[in-house]
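Structure record follows, encoded as structure tokens.
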Amino acid sequence: MNVPLPPQSGGCRTAPVLKERGQREVFCGLTGIIWLHRKMQDAFFLVVGSRTCAHLLQSAAGVMIFAEPRFGTAILEETDLAGMADAQQEIDREVARLLERRPDIRQLFLVGSCPSEVIKIDLQKAAERLSQTHAPHVRVLNYSGSGIETTFTEGEDACLASMVPVLPETEARELLVVGALPDVVEDQMLGLLGAMGIDNVRCLPARRIDSETAVGPNTQFILAQPFLGETHAALVRRGAHHIAAPFPFGDEGTTAWLQAIATEFGVSPATFATVTDAPRARARKAIAQAAEHLGGKSVFFFPDSQLEIPLARFLTRECGMTAIEVGSPYIHDTIHGPDLDLLPAGPQISEGQDVELQLDRVRAARPDLTVCGLGLANPLEAEGLATKWAIELVFTPVHFYEQAGDLAGLFSRPIRRKGLLKMEAAE
Amino acid sequence: MKLTVWTYEGPPHVGAMRVATGMKGLHYVLHAPQGDTYADLLFTMIERRDHRPPVTYTTFQARDLGSDTANLFKTACQEAVDRFQPQAIIVGSSCTAELIQDDPGGMAETMDFDIPVIPLELPSYSRKENFGADETFFQIVKSLAKPQARTERVTCNILGGTALGFRHRDDIQEITALLYDLGIEVNVAAPLDATPADIARMPAAHLNVLLYPETGEMAARWLEKNHDQPFTKVIPLGVGATRDFIAEVGQIIGRELQADESRLRLPWWSASVDSTYLTGKRVFLFGDGSHVMAMARVARDEMGFEIAGMGCFNREMARPMRAMAKEYGVEALITDDYLEVEQTIEALSPEMIMGTQMERHIGKRLGIPCAVISAPVHVQDFPARYSPVMGFEGANVLFDTLVHPLVMGLEEHLLTMFRDDFEFHDAAGPSHHGGHSPQPVEADPAPAPTGTDVMVWLADAEKELKKVPFFVRGKARRNTETYATEQGLSQISIDVLYEAKAHYAR
């Protein structure tokens, strides 16, 4: 059976959601640039923002990517705040200088930030003008990664949504896989789909601008990441059809995700089994090894990337964990519904954040594992709680069968480590 | 607008966070949008702090703009005071909140807290992190320090230590111990580890020891003017400077001071024959002004290096930096443009860089060893062991720090003798470092052509140059080209290469 069954005690789709508002301990949407600039190899991301934006990108990257960073910040100075006509000229000048120095750039994203949004610098106007100036060699688009509008992974959503209107039109019946995946994972996925006979697969974002990604009324699209609400809406506006599915984490998630595509494209059960049986067995084996340390343990998710619900589904159903609270910055029923259906009832589902109240709850619950951001991890460890940094779940290849064991390993390692360290004197 | 790839300093409110996080019993209410909380991880991850920074972010969103961001601030402020019960709060805006002009300081003052409320005005679009720390500490001292009698015994305050500072934790411990040996007790060290109550009793000290002008000078000047406390100008970094510092303190308190130097090892380590190979190594220094100026003296006078160039990213230190560079016979590089620093290093091709984490990456790219001597910092600049850079133990640490990146004496000779040996070939790097492997490193960076006088290397000469060990190859290339230019030559042959070698022999 390829479609996982909802839990007998019921899922979480209709569970009451605790909605909170207060201090949010999350990144803003600019952070997505860290992985998007590696994925799109001919793109440059120019943030129009403040020194804070530049500092965030540098700090969130953790290690500085000195090779050739394809992102930068046009830092607003006091003179820019005075007059608006000036800002457009300044952008033109900085972009011209940049494109002259970097002829390898084929797509340029002007990325709005909190300050540029507040003083209303019209980046769309700038992008349209610059596109004309630098066409056909460079395409210029704009989106906002500002913290006042986007939470962490929503930056990727805004970026991809900005690309949808300029994708070429197609009448072909194609599968469009949406969401930035590490190249190695993307190749595995294309391999699985190809083996099922689905060859007309396009990816958004594509690695390069001149790839053949197009969209139209016969496009069937599926999301590979659970944080792409705007992109989903933009694709629907272009007439594309959404294939709803749980997200491809773990054996169950990957199988259900592939099965949804297979059903849509009329792949026979026999072919499906031939293609997936072996990697599925490998995934199960790998998960079982890590799950040894996870079985019977409790987990608490702070909101971070919107990956929380699918990951909670994976940890509870495939690794034997119990979820205490599953927090997500935003919950979209269209996107998260299939995973919520499968997540066994019990945990508190929460949306948004008041970090102080949530910390009160985690201290009261004392879970065996807390999934949270980098700002909270060490302080919670110091209180004796084992933590998993949420950002690693975004930066590490974790999708599909071959990474299912690695994914479980990311959660089991902190728990194993806690058991390994012994500092007491020998008796 | 200015295009920036990497920054040496964060925005000024991060400087304020460094003060708040360093202190205890103080809370910072920051009017800021979602996302500015990224700064927490600087402290919890890079510095491995086991507590969250004491900062409450109001977290306003687009839909709040124009409606009730002010109320949001008041609520956040009230909840922070109720929850954390601080002795005092500082309030201010991040870059975005500065634009919406809610005046957090004014609002907080109307809220009738029974604790001091210290408003901060930190201009985000013209100033940077160090200014933010300096200004914040100054405002805290100005608001909280109370006039009072001096302590009976001679005591001092130590000023400028913050969270996320380069070796501040250990420097303060080292200098506290040094002063104690000299019979001077520390009244308050601040901001690092001080409470608002400690700040209040700072005027009881007889003098201030200013270790970090970047983050403590405004407070030192204010205390001098308003509480008649002189402050020290010499930064005790290196042997000579530590001795000068002791003399300066003695002068201020009117007593001849004799320090115990029995644990000081740098002078003998540097004099011993093994160190001969350090002679005349060309080094480039870059970082914050105070550390670079102090380290230049160490490099030249205590290690016997040659200063190839020096500079700082904080414009506030431009004047003294230029003066010192002139005295050292080089031109000061004052810039916060990382690419300009990289170009300068490439052009000067020093044998070692003494810089920040940014220069460490430049060095990696150019194949030049680098010792980190200044902020901006990364996780490896917070070692588990005691590792000051100030005072006498600091001098010992510096000797090790500056020798470690280099190829050691005899190994250097072996590399020169057996440069094509499969294990010892020069691309392998120093043998005591990880990553010692026979893969070829990046080829010599070709010097940037300057105008019309592009020097042509003949094939033979180029091949001969490759035989020069990598750690001096850049210098050999540069010297040869300079020599050829002086001689009016446009081509470099083997002869020119060796004539230049003889010319520069020392």
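Residue numbering restarts at 1 in every chain; chains get A, B, ... in the order shown in the structure tokens, and ligands count up from 1 in that same order.
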Exercise. Taking only C-alpha atoms into account, which residues of chain A are within 8 Å of chain B, as an MDAnalysis selection string?
Worked result: chainID A and resid 22:29 50:52 54:56 58:60 66 69 71:78 80 87 90:91 94 114:115 118:119 147:149 151:152 374:382
What would the file look like if the residues just selected were written as a compact mmCIF listing (two decimals), in the first residue's frame with C-alpha atoms?
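Here's the written file again-v2.txt:
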```
# COMPACT_ATOMS: atom_id res chain seq x y z
CA GLY A 22 4.63 38.48 20.20
CA GLN A 23 8.41 38.36 19.89
CA ARG A 24 9.40 36.02 17.08
CA GLU A 25 12.74 34.31 17.27
CA VAL A 26 13.09 33.69 13.53
CA PHE A 27 15.08 34.92 10.56
CA CYS A 28 13.63 37.23 7.94
CA GLY A 29 13.15 36.24 4.31
CA SER A 50 20.73 48.54 5.69
CA ARG A 51 23.93 47.48 7.37
CA THR A 52 21.76 45.15 9.45
CA ALA A 54 24.37 42.82 5.24
CA HIS A 55 25.29 41.73 8.76
CA LEU A 56 22.43 39.23 8.86
CA GLN A 58 27.05 37.35 6.76
CA SER A 59 26.07 35.97 10.17
CA ALA A 60 23.38 33.58 8.98
CA PHE A 66 34.33 33.81 0.11
CA PRO A 69 29.45 35.37 -3.24
CA PHE A 71 24.89 38.37 -3.26
CA GLY A 72 25.53 41.78 -1.79
CA THR A 73 23.78 44.63 -0.05
CA ALA A 74 23.35 48.12 -1.41
CA ILE A 75 23.48 49.80 1.98
CA LEU A 76 21.19 52.79 2.36
CA GLU A 77 22.90 55.84 3.74
CA GLU A 78 21.52 59.04 5.17
CA ASP A 80 19.34 57.98 0.38
CA ALA A 87 17.29 56.05 -4.86
CA GLU A 90 21.63 55.04 -7.09
CA ILE A 91 20.26 51.57 -7.85
CA GLU A 94 25.24 50.18 -8.43
CA CYS A 114 12.50 46.31 5.91
CA PRO A 115 14.00 49.78 5.40
CA VAL A 118 9.22 51.35 4.88
CA ILE A 119 10.58 54.23 2.82
CA GLY A 147 11.17 40.87 7.98
CA ILE A 148 8.01 42.94 8.11
CA GLU A 149 6.54 40.75 5.37
CA THR A 151 9.50 34.83 7.75
CA PHE A 152 12.69 32.93 6.92
CA LEU A 374 20.29 29.10 16.80
CA GLY A 375 19.47 31.92 19.20
CA LEU A 376 17.68 29.53 21.56
CA ALA A 377 19.67 26.30 21.20
CA ASN A 378 22.60 26.88 23.56
CA PRO A 379 20.50 28.61 26.24
CA LEU A 380 18.12 25.60 26.25
CA GLU A 381 21.03 23.13 26.27
CA ALA A 382 22.33 24.99 29.32
```
For this session: Taking the chain letters and numbering used in this document, name the residues of segment 173-405 of chain A that DSSP puts in alpha helix (DSSP H), as JSON, numbers by chain.
Result: {"A": [183, 184, 185, 186, 187, 188, 189, 190, 191, 192, 193, 194, 195, 229, 230, 231, 232, 233, 234, 235, 236, 237, 250, 251, 252, 253, 254, 255, 256, 257, 258, 259, 260, 261, 262, 263, 264, 269, 270, 271, 272, 273, 274, 275, 276, 277, 278, 279, 280, 281, 282, 283, 284, 285, 286, 287, 288, 289, 290, 291, 292, 293, 294, 308, 309, 310, 311, 312, 313, 314, 315, 316, 317, 318, 333, 334, 335, 336, 337, 338, 339, 340, 341, 342, 355, 356, 357, 358, 359, 360, 361, 362, 363, 364, 365, 374, 375, 376, 377, 378, 379, 380, 381, 382, 391, 392, 393, 394, 395, 401, 402, 403, 404, 405]}
Can you write out as a tab-separated table which residues of segment 182-216 of chain B fall within 9 Å of segment 229-252 of chain B, alongside each residue's closest atom pair and its distance in Å to one decimal, counting only C-alpha atoms and ordering rows by chain and ascending residue number?
```
residue	atom	partner	partner_atom	distance
B:Leu182	CA	B:Ile246	CA	8.5
B:Pro203	CA	B:Gln229	CA	7.5
B:Ala205	CA	B:Gln229	CA	7.6
B:His206	CA	B:Gln229	CA	6.1
B:Leu207	CA	B:Gln229	CA	4.9
B:Asn208	CA	B:Phe231	CA	4.5
B:Val209	CA	B:Thr232	CA	5.2
B:Leu210	CA	B:Thr232	CA	5.8
B:Leu211	CA	B:Ile235	CA	5.8
B:Tyr212	CA	B:Ile235	CA	7.9
B:Pro213	CA	B:Lys233	CA	8.7
```
Just-selected residues, N, CA, C and O atoms written as a compact mmCIF listing (two decimals), in the first residue's frame:
```txt
# COMPACT_ATOMS: atom_id res chain seq x y z
N LEU B 182 50.18 44.79 41.62
CA LEU B 182 50.77 46.11 41.80
C LEU B 182 50.13 46.85 42.97
O LEU B 182 50.43 48.01 43.23
N PRO B 203 32.32 55.88 40.21
CA PRO B 203 33.09 57.07 40.61
C PRO B 203 33.92 56.89 41.89
O PRO B 203 34.71 57.77 42.22
N ALA B 205 36.30 54.83 42.21
CA ALA B 205 37.67 54.44 41.85
C ALA B 205 38.56 55.66 41.69
O ALA B 205 38.08 56.76 41.42
N HIS B 206 39.87 55.44 41.81
CA HIS B 206 40.83 56.54 41.68
C HIS B 206 41.19 56.82 40.23
O HIS B 206 41.62 57.92 39.90
N LEU B 207 41.09 55.81 39.42
CA LEU B 207 41.41 56.02 38.00
C LEU B 207 40.67 54.98 37.16
O LEU B 207 40.14 54.00 37.70
N ASN B 208 40.66 55.21 35.86
CA ASN B 208 40.08 54.24 34.94
C ASN B 208 41.15 53.67 34.03
O ASN B 208 42.01 54.39 33.54
N VAL B 209 41.08 52.37 33.85
CA VAL B 209 41.97 51.70 32.91
C VAL B 209 41.14 51.43 31.66
O VAL B 209 40.18 50.66 31.69
N LEU B 210 41.48 52.12 30.58
CA LEU B 210 40.72 51.98 29.35
C LEU B 210 41.40 50.94 28.46
O LEU B 210 42.39 51.22 27.81
N LEU B 211 40.83 49.73 28.44
CA LEU B 211 41.47 48.67 27.64
C LEU B 211 41.02 48.72 26.18
O LEU B 211 41.77 48.36 25.28
N TYR B 212 39.77 49.16 25.97
CA TYR B 212 39.22 49.10 24.61
C TYR B 212 38.64 50.45 24.24
O TYR B 212 37.44 50.70 24.45
N PRO B 213 39.45 51.34 23.67
CA PRO B 213 38.95 52.67 23.31
C PRO B 213 37.74 52.60 22.38
O PRO B 213 36.83 53.42 22.49
```
For this session: Any chance you could list, as a PyMOL selection string, the residues in segment 124-169 of chain A that come up strand (DSSP E) when DSSP is run on the backbone?
Result: chain A and resi 139-144
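Proximity to Gly287 of chain B was assessed for B:Lys463, B:Arg18, B:Arg360, B:Lys475 counting only C-alpha atoms; the smallest distance is recorded for B:Arg360.
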Report as a JSON list (two decimals) with N, CA, C and O atoms, in the first residue's frame all protein, DNA and RNA residues lying within 6 Å of Thr279 of chain B, evaluated on only C-alpha atoms, omitting residues in the same chain fewer than 2 positions from it.
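Output file part.json follows:
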```json
[["chain", "number", "residue", "atom", "x", "y", "z"],
["B", 276, "THR", "N", 65.52, 33.18, 14.97],
["B", 276, "THR", "CA", 66.23, 33.98, 13.97],
["B", 276, "THR", "C", 65.46, 34.07, 12.66],
["B", 276, "THR", "O", 65.45, 35.09, 11.99],
["B", 277, "TYR", "N", 64.82, 32.95, 12.34],
["B", 277, "TYR", "CA", 64.12, 32.91, 11.04],
["B", 277, "TYR", "C", 62.95, 33.87, 10.96],
["B", 277, "TYR", "O", 62.43, 34.12, 9.89],
["B", 281, "LYS", "N", 60.45, 39.09, 8.55],
["B", 281, "LYS", "CA", 59.24, 38.58, 7.88],
["B", 281, "LYS", "C", 58.32, 39.76, 7.62],
["B", 281, "LYS", "O", 58.04, 40.54, 8.54],
["B", 304, "GLY", "N", 60.53, 41.19, 15.63],
["B", 304, "GLY", "CA", 61.53, 41.45, 14.59],
["B", 304, "GLY", "C", 60.98, 41.31, 13.19],
["B", 304, "GLY", "O", 61.73, 41.05, 12.24],
["B", 305, "PHE", "N", 59.67, 41.48, 13.03],
["B", 305, "PHE", "CA", 59.08, 41.45, 11.69],
["B", 305, "PHE", "C", 59.27, 42.81, 11.01],
["B", 305, "PHE", "O", 59.60, 43.81, 11.66]]
```
Problem set entry | Pick from B:Phe113, B:Arg385, B:Pro196, B:Met303 nearest to Gln78 of chain B, counting only C-alpha atoms |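 So, comparing all the options, the nearest one is B:Phe113.
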Exercise. Which neighbours of Gly329 of chain B fall inside 9 Å, counting only C-alpha atoms, when residues of the same chain fewer than 3 positions from it are skipped, and could you give them as a list in words?
Worked result: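 Listed by chain and then number, they are Ile307, Ala308, Gly309, Met324, Ala325 and Lys326 of chain B.
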For this session: Find the residues near segment 139-146 of chain A: any atom within 9 Å, counting only C-alpha atoms, skip ones fewer than 2 places away on the same chain, and give them as a count of residues only.
Result: 50
Seminar exercise, completed: For Phe131 of chain B, the closest of B:Thr356, B:Ser262, B:Ser275, B:Thr215 counting only C-alpha atoms is B:Thr215
Problem set entry | Residues within 12 Å of Leu258 of chain A, only C-alpha atoms, excluding chain neighbours under 6 positions, as a PyMOL selection string | chain A and resi 2-3+175+177+189-196+198+222-224+243-249+251-252+264-267+269+272-273+275-276+280+399-401
Problem set entry | Among listed residues A:Ala240, A:Asp333, A:Ser298, A:Glu212, nearest Pro226 of chain A (using only C-alpha atoms) |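 Going through A:Ala240, A:Asp333, A:Ser298, A:Glu212 one by one, the smallest distance to Pro226 of chain A is for A:Asp333.
Of note, atom CA of Asp274 of chain B and atom CA of Val292 of chain B are spaced 26.0 Å apart.
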